[in-house]
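**Q** Sharing a structure with you now.
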Amino acid sequence: MRNADQITFNPRYPTSESLREKARKQIPRFAFDYLDGGCNDGENLLRNRERLRQVILQPKYLEDYPGCRLETTVFGNTYAAPFGVSPIGLQGLIWPGSPEILARAAFQNRLPFVLSTVGTASLEDIAHITEGSAWFQFYHPADDAVRDDLLDRARAAGYQVLVLLADTPTFGYRPGEIRSGLSMPPRWNLNNAAQMLVRPSWLWQTMRHGIPRFANLQPYMPAGLGLSGLGRFMDSFFQKRMTREKVAYIRDRWKGTLVLKGVSTVHDARVAQSLGLDGIVVSNHGGRQLDIGPSALEALRAIAPAVGKEMVVMMDGGLRSGPDIARSMACGAELAFLGRTFMYGTAALGGKGGDHVAAILKTQLQQVLEQLGCSRPSELPTFLP
Ligand SMILES: Cc1cc2nc3c(=O)[nH]c(=O)nc-3n(C[C@H](O)[C@H](O)[C@H](O)COP(=O)(O)O)c2cc1C
């Protein structure tokens with residue numbers, strides 16, 4: 001039986017699923033659908049989970065065991081555990097202040113936090129909270145001057161790791177968002193208003209924090225831009241499709257660590273390597289872009305052996321627990337990221353959500369390593385089907 005002192009989180013929510021269920025009851029349906037849903041029929045979302053579940057690791061008993069350490073060093077930074085927080089756009093809509101909550105939790109737990117360009121906290125504020133240790137996910141602006149300005153702002157704020165996104169050449173077709181009016185521009189209707197009224201704690205926190213804004217884009221938005229113009233602005237603001245030339249330009253201009261996120265083929269991984277990137281995040285955007293595409297885990301298993309010796313290979317997509325993190329590492333990831341699980345945490349528990357999720361994942365991961373007889377995450381047995 002586990003010693004009660006070892007449980008450092010609210011025992012009512014010991015899993016990602018229990019947080020998800022609490023989140024469902026705590027936030028308006030349109031916000032939950034935005035967080036929870038995938039694209040089209042949700043097959044890629046399901047496939048991410050199914051493929052992970054097939055990874056079985058074998059324990060080694062009857063051997064001396066020196067104990068385990070979760071610490072992991074990536075790009076010269078040592079983190080307390082081999083996982084971090086994926087970038088999520090419009091987090092403040094899901095739970096007010098969530099980028100700040102998660103950035104603070106990541107910083108205090110010595111984990112990497114990645115801020116989205118379309119997050120609801122400014123890159124300057126997040127750099128301040130994390131003392132420059134956060135990573136910045138870069139959606140490429142269409143305007144070259146804005147691109148350079150954003151890169152300069154990120155450098156001036158102290159970011160060392162820039163995460164360039166490759167997997168959104170077009171907006172994903174997401175039925176849940178279409179149904180609830182969460183399109184660009186957002187359509188506010190009676191139904192959405194009713195959903196907010198039945199979620200008083202979310203409504204109260206939103207009133208305290210104010211309407212979520214694309215905080216990083218404010219300097220580039222025309223004055224007086226209303227909801228009706230927002231869609232057109234967002235559509236024209238970003239250069240959605242990445243090209244080798246664009247990546248090469250950023251590689252040349254960004255003197256820090258450069259990572260490409262949204263890689264799901266060996267081909268793209270090799271191109272990233274040839275362009276001098278330091279790492280990749282194998283990811284299918286959490287099943288939100290290409291329903292008929294490969295699961296993140298299948299992609300990882302092909303990509304890690306191909307380029308893992310030359311660059312840092314990380315992954316996200318479908319990870320919900322410590323055992324899942326172990327599975328992704330056994331398949332070749334050096335660092336794993338979780339998107340929805342951290343957001344379920346804040347949507348369920350507000351300001352305590354980030355620490356809560358970090359504590360669950362660390363406790364679970366440590367238990368798995370001890371059970372397997374493995375003293376470091378990097379020594380997890382390689383998964384052989
Ligand atoms: C609601 C939502 C918004 C997202 N917004 C972004 C974003 O702005 N930038 C980005 O690089 N990825 C974004 N992603 C993808 C995540 O960074 C990550 O790849 C994905 O959530 C991982 O899958 P998981 O949620 O199953 O852990 C988003 C994901 C979700 C669920």
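In the structure tokens, chains take letters A, B, ... by order of appearance, with residues numbered from 1 within each chain and ligands from 1 in the order shown.
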For chain A versus ligand 1, which residues have an atom no more than 9 Å away, and what is each residue's nearest atom pair and distance in Å rounded to one decimal, using only C-alpha atoms and all ligand atoms, chain-then-number order, as JSON lines?
**A**
{"residue": "A:Ala31", "atom": "CA", "partner": "ligand 1", "partner_atom_place_in_ligand_line": "1 (C)", "distance": 8.7}
{"residue": "A:Phe32", "atom": "CA", "partner": "ligand 1", "partner_atom_place_in_ligand_line": "1 (C)", "distance": 8.8}
{"residue": "A:Asp33", "atom": "CA", "partner": "ligand 1", "partner_atom_place_in_ligand_line": "1 (C)", "distance": 8.6}
{"residue": "A:Tyr34", "atom": "CA", "partner": "ligand 1", "partner_atom_place_in_ligand_line": "1 (C)", "distance": 5.4}
{"residue": "A:Leu35", "atom": "CA", "partner": "ligand 1", "partner_atom_place_in_ligand_line": "1 (C)", "distance": 3.9}
{"residue": "A:Asp36", "atom": "CA", "partner": "ligand 1", "partner_atom_place_in_ligand_line": "31 (C)", "distance": 6.2}
{"residue": "A:Gly37", "atom": "CA", "partner": "ligand 1", "partner_atom_place_in_ligand_line": "31 (C)", "distance": 7.2}
{"residue": "A:Gly38", "atom": "CA", "partner": "ligand 1", "partner_atom_place_in_ligand_line": "31 (C)", "distance": 7.7}
{"residue": "A:Leu45", "atom": "CA", "partner": "ligand 1", "partner_atom_place_in_ligand_line": "26 (O)", "distance": 7.3}
{"residue": "A:Asn48", "atom": "CA", "partner": "ligand 1", "partner_atom_place_in_ligand_line": "26 (O)", "distance": 7.4}
{"residue": "A:Arg49", "atom": "CA", "partner": "ligand 1", "partner_atom_place_in_ligand_line": "26 (O)", "distance": 8.1}
{"residue": "A:Val85", "atom": "CA", "partner": "ligand 1", "partner_atom_place_in_ligand_line": "17 (O)", "distance": 8.1}
{"residue": "A:Ser86", "atom": "CA", "partner": "ligand 1", "partner_atom_place_in_ligand_line": "17 (O)", "distance": 4.3}
{"residue": "A:Pro87", "atom": "CA", "partner": "ligand 1", "partner_atom_place_in_ligand_line": "17 (O)", "distance": 4.1}
{"residue": "A:Ile88", "atom": "CA", "partner": "ligand 1", "partner_atom_place_in_ligand_line": "5 (N)", "distance": 3.6}
{"residue": "A:Gly89", "atom": "CA", "partner": "ligand 1", "partner_atom_place_in_ligand_line": "8 (O)", "distance": 3.5}
{"residue": "A:Leu90", "atom": "CA", "partner": "ligand 1", "partner_atom_place_in_ligand_line": "3 (C)", "distance": 6.9}
{"residue": "A:Gln91", "atom": "CA", "partner": "ligand 1", "partner_atom_place_in_ligand_line": "1 (C)", "distance": 7.2}
{"residue": "A:Ile94", "atom": "CA", "partner": "ligand 1", "partner_atom_place_in_ligand_line": "1 (C)", "distance": 8.2}
{"residue": "A:Val114", "atom": "CA", "partner": "ligand 1", "partner_atom_place_in_ligand_line": "17 (O)", "distance": 8.2}
{"residue": "A:Leu115", "atom": "CA", "partner": "ligand 1", "partner_atom_place_in_ligand_line": "9 (N)", "distance": 8.0}
{"residue": "A:Ser116", "atom": "CA", "partner": "ligand 1", "partner_atom_place_in_ligand_line": "8 (O)", "distance": 4.7}
{"residue": "A:Thr117", "atom": "CA", "partner": "ligand 1", "partner_atom_place_in_ligand_line": "8 (O)", "distance": 6.4}
{"residue": "A:Val118", "atom": "CA", "partner": "ligand 1", "partner_atom_place_in_ligand_line": "8 (O)", "distance": 5.4}
{"residue": "A:Gly119", "atom": "CA", "partner": "ligand 1", "partner_atom_place_in_ligand_line": "8 (O)", "distance": 6.5}
{"residue": "A:Gln137", "atom": "CA", "partner": "ligand 1", "partner_atom_place_in_ligand_line": "11 (O)", "distance": 6.0}
{"residue": "A:Phe138", "atom": "CA", "partner": "ligand 1", "partner_atom_place_in_ligand_line": "11 (O)", "distance": 7.6}
{"residue": "A:Tyr139", "atom": "CA", "partner": "ligand 1", "partner_atom_place_in_ligand_line": "9 (N)", "distance": 7.4}
{"residue": "A:Val163", "atom": "CA", "partner": "ligand 1", "partner_atom_place_in_ligand_line": "11 (O)", "distance": 7.8}
{"residue": "A:Leu164", "atom": "CA", "partner": "ligand 1", "partner_atom_place_in_ligand_line": "11 (O)", "distance": 7.8}
{"residue": "A:Leu165", "atom": "CA", "partner": "ligand 1", "partner_atom_place_in_ligand_line": "11 (O)", "distance": 5.7}
{"residue": "A:Ala166", "atom": "CA", "partner": "ligand 1", "partner_atom_place_in_ligand_line": "11 (O)", "distance": 8.5}
{"residue": "A:Asp167", "atom": "CA", "partner": "ligand 1", "partner_atom_place_in_ligand_line": "11 (O)", "distance": 8.3}
{"residue": "A:Thr168", "atom": "CA", "partner": "ligand 1", "partner_atom_place_in_ligand_line": "11 (O)", "distance": 8.6}
{"residue": "A:Lys261", "atom": "CA", "partner": "ligand 1", "partner_atom_place_in_ligand_line": "11 (O)", "distance": 6.8}
{"residue": "A:Gly262", "atom": "CA", "partner": "ligand 1", "partner_atom_place_in_ligand_line": "19 (O)", "distance": 7.3}
{"residue": "A:Val281", "atom": "CA", "partner": "ligand 1", "partner_atom_place_in_ligand_line": "19 (O)", "distance": 8.5}
{"residue": "A:Val282", "atom": "CA", "partner": "ligand 1", "partner_atom_place_in_ligand_line": "19 (O)", "distance": 8.7}
{"residue": "A:Ser283", "atom": "CA", "partner": "ligand 1", "partner_atom_place_in_ligand_line": "19 (O)", "distance": 5.6}
{"residue": "A:Asn284", "atom": "CA", "partner": "ligand 1", "partner_atom_place_in_ligand_line": "19 (O)", "distance": 6.3}
{"residue": "A:His285", "atom": "CA", "partner": "ligand 1", "partner_atom_place_in_ligand_line": "19 (O)", "distance": 3.8}
{"residue": "A:Gly286", "atom": "CA", "partner": "ligand 1", "partner_atom_place_in_ligand_line": "23 (O)", "distance": 3.4}
{"residue": "A:Gly287", "atom": "CA", "partner": "ligand 1", "partner_atom_place_in_ligand_line": "23 (O)", "distance": 7.0}
{"residue": "A:Arg288", "atom": "CA", "partner": "ligand 1", "partner_atom_place_in_ligand_line": "29 (C)", "distance": 7.1}
{"residue": "A:Ala296", "atom": "CA", "partner": "ligand 1", "partner_atom_place_in_ligand_line": "23 (O)", "distance": 8.8}
{"residue": "A:Met315", "atom": "CA", "partner": "ligand 1", "partner_atom_place_in_ligand_line": "19 (O)", "distance": 8.3}
{"residue": "A:Asp316", "atom": "CA", "partner": "ligand 1", "partner_atom_place_in_ligand_line": "22 (C)", "distance": 4.8}
{"residue": "A:Gly317", "atom": "CA", "partner": "ligand 1", "partner_atom_place_in_ligand_line": "23 (O)", "distance": 3.4}
{"residue": "A:Gly318", "atom": "CA", "partner": "ligand 1", "partner_atom_place_in_ligand_line": "26 (O)", "distance": 3.5}
{"residue": "A:Leu319", "atom": "CA", "partner": "ligand 1", "partner_atom_place_in_ligand_line": "27 (O)", "distance": 5.2}
{"residue": "A:Arg320", "atom": "CA", "partner": "ligand 1", "partner_atom_place_in_ligand_line": "27 (O)", "distance": 6.9}
{"residue": "A:Phe337", "atom": "CA", "partner": "ligand 1", "partner_atom_place_in_ligand_line": "27 (O)", "distance": 6.6}
{"residue": "A:Leu338", "atom": "CA", "partner": "ligand 1", "partner_atom_place_in_ligand_line": "27 (O)", "distance": 3.9}
{"residue": "A:Gly339", "atom": "CA", "partner": "ligand 1", "partner_atom_place_in_ligand_line": "21 (O)", "distance": 3.7}
{"residue": "A:Arg340", "atom": "CA", "partner": "ligand 1", "partner_atom_place_in_ligand_line": "25 (O)", "distance": 3.8}
{"residue": "A:Thr341", "atom": "CA", "partner": "ligand 1", "partner_atom_place_in_ligand_line": "27 (O)", "distance": 6.2}
{"residue": "A:Phe342", "atom": "CA", "partner": "ligand 1", "partner_atom_place_in_ligand_line": "27 (O)", "distance": 8.2}
{"residue": "A:Met343", "atom": "CA", "partner": "ligand 1", "partner_atom_place_in_ligand_line": "31 (C)", "distance": 8.3}
**Q** So that I can check the surroundings of Ile211 (chain A), please list as a PyMOL selection string every protein, DNA and RNA residue that reaches within 9 Å of it, counting only C-alpha atoms and ignoring chain neighbours fewer than 5 positions away.
**A** chain A and resi 92-93+96+206
**Q** Restricted to N, CA and C atoms, what would the selected residues look like written as a JSON list (two decimals), in the first residue's frame?
**A**
[["chain", "number", "residue", "atom", "x", "y", "z"],
["A", 92, "GLY", "N", -6.55, 30.61, -22.71],
["A", 92, "GLY", "CA", -7.33, 31.40, -21.75],
["A", 92, "GLY", "C", -8.82, 31.22, -21.94],
["A", 93, "LEU", "N", -9.21, 30.74, -23.13],
["A", 93, "LEU", "CA", -10.63, 30.47, -23.35],
["A", 93, "LEU", "C", -11.04, 29.20, -22.61],
["A", 96, "PRO", "N", -9.38, 30.63, -17.76],
["A", 96, "PRO", "CA", -8.73, 31.94, -17.69],
["A", 96, "PRO", "C", -7.37, 31.87, -16.98],
["A", 206, "THR", "N", -13.48, 34.26, -15.80],
["A", 206, "THR", "CA", -13.33, 34.98, -17.08],
["A", 206, "THR", "C", -13.61, 36.47, -16.88]]
**Q** Would you compute the distance between CA of Ile27 (chain A) and CA of Gly226 (chain A)? Give it in Å to one decimal.
**A** 25.0 Å
**Q** Would you give me, as a PyMOL selection string, the residues in region 239-365 of chain A that DSSP reads as alpha helix (DSSP H)?
**A** chain A and resi 244-253+266-274+296-307+322-330+340-349+353-365
**Q** Could you tell me how far CA of Thr8 (chain A) sits from CA of Thr73 (chain A), in Å to one decimal place?
**A**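 Result for CA of Thr73 (chain A) versus CA of Thr8 (chain A): 24.6 Å, one decimal.
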**Q** List as a list in words the protein and nucleic acid residues near Ile280 (chain A), meaning an atom at most 7 Å away when only C-alpha atoms are counted, but skip any in the same chain fewer than 2 places from it.
**A** Val259, Leu260, Lys261, Val263, Val282, Val312, Val313 and Met314 of chain A
**Q** Quote the spacing between CA of Gln195 (chain A) and CA of Phe30 (chain A) in Å to one decimal place.
**A**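 These atoms are spaced 7.7 Å apart.
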**Q** Name the closest residue to Leu380 (chain A) among the candidates A:Leu70, A:Leu62, A:Ala157, A:Leu297; distances are taken between atoms, counting only C-alpha atoms.
**A**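 Closest to Leu380 (chain A), using only C-alpha atoms: A:Leu70.
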**Q** Quick one: of A:Tyr173, A:Phe214, A:Phe75, A:Trp204, who's nearest to Trp95 (chain A), counting only C-alpha atoms?
**A** A:Trp204
**Q** Please identify all polymer residues within 7 Å of region 17-24 of chain A, counting only C-alpha atoms, omitting same-chain residues fewer than 4 positions from it, and present them as a list of chain:residue names.
**A**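 That gives A:Tyr13, A:Phe32, A:Tyr344, A:Gly345, A:Ala347, A:Ala348.
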**Q** For the selection just defined, write its residues with N, CA and C atoms to a file, as a PDB file, in the first residue's frame.
**A**
ATOM      1  N   TYR A  13      -8.429  13.129  -7.939  1.00  0.00           N
ATOM      2  CA  TYR A  13      -8.186  13.176  -9.392  1.00  0.00           C
ATOM      3  C   TYR A  13      -6.827  12.549  -9.707  1.00  0.00           C
ATOM      4  N   PHE A  32     -14.825  23.034 -23.876  1.00  0.00           N
ATOM      5  CA  PHE A  32     -14.422  21.638 -23.729  1.00  0.00           C
ATOM      6  C   PHE A  32     -14.252  20.984 -25.108  1.00  0.00           C
ATOM      7  N   TYR A 344      -6.501  19.697 -19.181  1.00  0.00           N
ATOM      8  CA  TYR A 344      -7.569  19.113 -18.346  1.00  0.00           C
ATOM      9  C   TYR A 344      -7.307  19.505 -16.892  1.00  0.00           C
ATOM     10  N   GLY A 345      -6.032  19.488 -16.522  1.00  0.00           N
ATOM     11  CA  GLY A 345      -5.656  19.837 -15.146  1.00  0.00           C
ATOM     12  C   GLY A 345      -6.091  21.239 -14.769  1.00  0.00           C
ATOM     13  N   ALA A 347      -8.279  23.176 -16.403  1.00  0.00           N
ATOM     14  CA  ALA A 347      -9.734  23.341 -16.560  1.00  0.00           C
ATOM     15  C   ALA A 347     -10.464  22.724 -15.365  1.00  0.00           C
ATOM     16  N   ALA A 348      -9.872  21.692 -14.774  1.00  0.00           N
ATOM     17  CA  ALA A 348     -10.527  21.028 -13.636  1.00  0.00           C
ATOM     18  C   ALA A 348     -10.196  21.719 -12.319  1.00  0.00           C
TER      19      ALA A 348
END
**Q** For Ala121 (chain A), which residue out of A:Gly351, A:Pro169, A:Gly224, A:Pro212 is the nearest one, using only C-alpha atoms?
**A**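 Counting only C-alpha atoms, the residue closest to Ala121 (chain A) is A:Pro212.
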**Q** Could you pull out all residues of region 37-199 of chain A with a DSSP call of strand (DSSP E or B) and give them as JSON, numbers by chain?
**A** {"A": [72, 73, 74, 77, 78, 79, 83, 84, 85, 113, 114, 115, 116, 135, 136, 137, 138, 141, 161, 162, 163, 164, 165]}
